[in-house]
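A.B. asks: Starting off with a structure, shown below.
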Amino acid sequence: MTGTVRLIAEPLTSKAFAPFGDVLAAPEEFGRAYFDEGLRTTRATAWPSLSVAHVRPLASLPLEAKVMERHEFSSQSFVPLDVSRWLVVVAPSSADGGPDASRAVAFLVGPGQGVTYHANTWHHPLTILDRPGRFAVVMWRDGTRTDEEFRTLAAPFTVELGN
């Protein structure tokens, strides 16, 4: 991995993640927090889709990111049901429309946090640390290839945990 860009995952905060989406967390006080504003699609034929995923943990660190995905026209949310720590890796689009890996950012997410990716946000596939995890996943689908897009990175990068 010589010459590979190395990212250090920092704790997930709403402010740092704002360009890419919303951080989902229960309120400190009893009650509800609504996150409706982040749930969007621009396709009139798309329907909301709720699924539950059971994901294997990453075998070892560092993560070598080789591929990223996006949902160009719709948001996508991950709500933890049973998970320890997990990684969120995002990147803005490059001039050619693919992910700009040179400007990628990595976040370490705790068990009580979820995320909603804005439409058209490049992100690494779900990456779980420590033990298997379960998530509710909310997205918009219309059954076409535009539901999701995957791109292999020209130059993989690594993600390590911060101190």
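Each chain in the structure tokens gets a letter, A, B, ..., in the order shown, and its residues are numbered from 1; ligands are numbered from 1 in order too.
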So that I can check the secondary structure, give me every residue of region 4-160 of chain A assigned strand (DSSP E or B) by backbone DSSP, as a ChimeraX atom specification.
C.D. replies: /A:5-11,21-25,41,47-55,57,63-70,74,76-82,86-91,93,99,105-109,113-117,122-123,127-128,133-141,149-160
A.B. asks: Distance CA of Arg131 (chain A)-CA of Ala25 (chain A), one decimal place?
C.D. replies: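 So the answer is 20.9 Å.
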A.B. asks: Measuring between only C-alpha atoms, which one of A:Gly114, A:Pro19, A:Pro99, A:Gly133 shows the shortest distance to Lys66 (chain A)?
C.D. replies: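 Closest candidate: A:Pro99.
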A.B. asks: If you take only C-alpha atoms and a cut-off of 12 Å, which residues of region 5-61 of chain A touch region 75-79 of chain A, and what are their nearest atom pairs and distances in Å to one decimal, in chain and number order, as a Markdown table?
C.D. replies:
| residue | atom | partner | partner_atom | distance |
| --- | --- | --- | --- | --- |
| A:Phe20 | CA | A:Ser75 | CA | 10.3 |
| A:Gly21 | CA | A:Ser75 | CA | 8.5 |
| A:Asp22 | CA | A:Ser77 | CA | 8.9 |
| A:Val23 | CA | A:Ser77 | CA | 9.5 |
| A:Leu24 | CA | A:Val79 | CA | 7.5 |
| A:Ala25 | CA | A:Val79 | CA | 9.0 |
| A:Ala26 | CA | A:Val79 | CA | 10.9 |
| A:Phe35 | CA | A:Ser77 | CA | 10.2 |
| A:Asp36 | CA | A:Ser75 | CA | 10.9 |
| A:Glu37 | CA | A:Ser75 | CA | 10.3 |
| A:Gly38 | CA | A:Ser75 | CA | 6.9 |
| A:Leu39 | CA | A:Ser75 | CA | 5.7 |
| A:Arg40 | CA | A:Ser75 | CA | 5.4 |
| A:Thr41 | CA | A:Ser75 | CA | 6.5 |
| A:Thr42 | CA | A:Ser75 | CA | 9.6 |
| A:Arg43 | CA | A:Ser75 | CA | 11.3 |
| A:Ala46 | CA | A:Ser75 | CA | 11.5 |
| A:Trp47 | CA | A:Ser75 | CA | 11.8 |
| A:Pro48 | CA | A:Gln76 | CA | 10.0 |
| A:Ser49 | CA | A:Gln76 | CA | 9.6 |
| A:Leu50 | CA | A:Ser77 | CA | 9.5 |
| A:Ser51 | CA | A:Phe78 | CA | 9.8 |
| A:Val52 | CA | A:Val79 | CA | 9.3 |
| A:Ala53 | CA | A:Phe78 | CA | 9.4 |
| A:His54 | CA | A:Phe78 | CA | 11.9 |
A.B. asks: Taking the DSSP assignment computed from this structure's backbone, write out as a list in words all residues of region 5-162 of chain A that belong to helix (DSSP H, G or I).
C.D. replies: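 Filtering region 5-162 of chain A down to helix (DSSP H, G or I) leaves Ser14, Lys15, Ala16, Phe17, Asp36, Glu37, Gly38, Ala101, Ser102, Arg103, Arg145, Thr146 and Asp147 of chain A.
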A.B. asks: Write a file of the just-selected residues containing C-alpha atoms, as a compact mmCIF listing (two decimals), in the first residue's frame.
C.D. replies:
# COMPACT_ATOMS: atom_id res chain seq x y z
CA SER A 14 -23.34 16.80 12.88
CA LYS A 15 -21.25 19.82 11.90
CA ALA A 16 -18.46 17.85 10.20
CA PHE A 17 -20.92 15.53 8.41
CA ASP A 36 -37.72 14.34 7.60
CA GLU A 37 -35.78 17.06 5.76
CA GLY A 38 -33.02 14.66 4.71
CA ALA A 101 -11.01 10.13 -3.28
CA SER A 102 -8.40 12.83 -2.67
CA ARG A 103 -11.04 14.76 -0.69
CA ARG A 145 -30.03 0.89 -12.49
CA THR A 146 -30.32 4.48 -11.24
CA ASP A 147 -31.14 3.15 -7.74
A.B. asks: State, in Å with one decimal place, the distance from CA of Glu148 (chain A) to CA of Pro57 (chain A).
C.D. replies: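 So the answer is 22.5 Å.
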A.B. asks: Extract, using only C-alpha atoms, all DNA, RNA and protein residues at most 12 Å from Pro156 (chain A), discarding same-chain residues fewer than 3 positions from it, and format them as a list in words.
C.D. replies: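 Contacts, with the query itself left out: Met1, Thr2, Gly3, Thr4, Val5, Arg6, Leu7, Leu63, Glu64, Ala65, Lys66, Val67, Met68, Pro99, Asp100, Ala101, Ser102, Ala104, His124, Arg151, Thr152, Leu153 and Val159 of chain A.
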A.B. asks: Using only C-alpha atoms, please write the residues we just selected to a file, as a PDB file, in the first residue's frame.
C.D. replies:
ATOM      1  CA  MET A   1       0.000   0.000   0.000  1.00  0.00           C
ATOM      2  CA  THR A   2       2.954   2.310  -0.489  1.00  0.00           C
ATOM      3  CA  GLY A   3       1.921   5.691  -1.842  1.00  0.00           C
ATOM      4  CA  THR A   4      -1.706   5.179  -0.838  1.00  0.00           C
ATOM      5  CA  VAL A   5      -3.634   8.084   0.667  1.00  0.00           C
ATOM      6  CA  ARG A   6      -4.270   7.429   4.363  1.00  0.00           C
ATOM      7  CA  LEU A   7      -7.329   8.822   6.151  1.00  0.00           C
ATOM      8  CA  LEU A  63      -9.738  -0.453   5.759  1.00  0.00           C
ATOM      9  CA  GLU A  64      -8.562  -0.431   2.160  1.00  0.00           C
ATOM     10  CA  ALA A  65     -11.232   1.468   0.232  1.00  0.00           C
ATOM     11  CA  LYS A  66     -11.371   0.246  -3.352  1.00  0.00           C
ATOM     12  CA  VAL A  67     -14.929   1.125  -4.329  1.00  0.00           C
ATOM     13  CA  MET A  68     -17.504   3.789  -3.499  1.00  0.00           C
ATOM     14  CA  PRO A  99     -15.893  10.126  -6.263  1.00  0.00           C
ATOM     15  CA  ASP A 100     -13.022  12.497  -5.493  1.00  0.00           C
ATOM     16  CA  ALA A 101     -11.011  10.129  -3.281  1.00  0.00           C
ATOM     17  CA  SER A 102      -8.398  12.832  -2.669  1.00  0.00           C
ATOM     18  CA  ALA A 104     -12.590  11.777   1.097  1.00  0.00           C
ATOM     19  CA  HIS A 124     -18.013   3.565   1.030  1.00  0.00           C
ATOM     20  CA  ARG A 151     -17.319   3.009  -8.949  1.00  0.00           C
ATOM     21  CA  THR A 152     -13.979   1.278  -8.553  1.00  0.00           C
ATOM     22  CA  LEU A 153     -11.392   3.809  -7.405  1.00  0.00           C
ATOM     23  CA  VAL A 159      -8.748   4.378   6.594  1.00  0.00           C
TER      24      VAL A 159
END
A.B. asks: Would you compute the distance between CA of Glu28 (chain A) and CA of Gly112 (chain A)? Give it in Å to one decimal.
C.D. replies: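 Computing the Euclidean distance for CA of Glu28 (chain A) and CA of Gly112 (chain A) yields 11.5 Å.
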A.B. asks: Do you know which residues are at most 8 Å from Trp122 (chain A) counting only C-alpha atoms, after dropping those on the same chain fewer than 5 positions away, and could you put them as a list in words?
C.D. replies: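 Surrounding residues, per the criterion: Met68, Glu69, Arg70, His71, Val90, Ala91, Pro92, Ser93, Gly98 and Pro99 of chain A.
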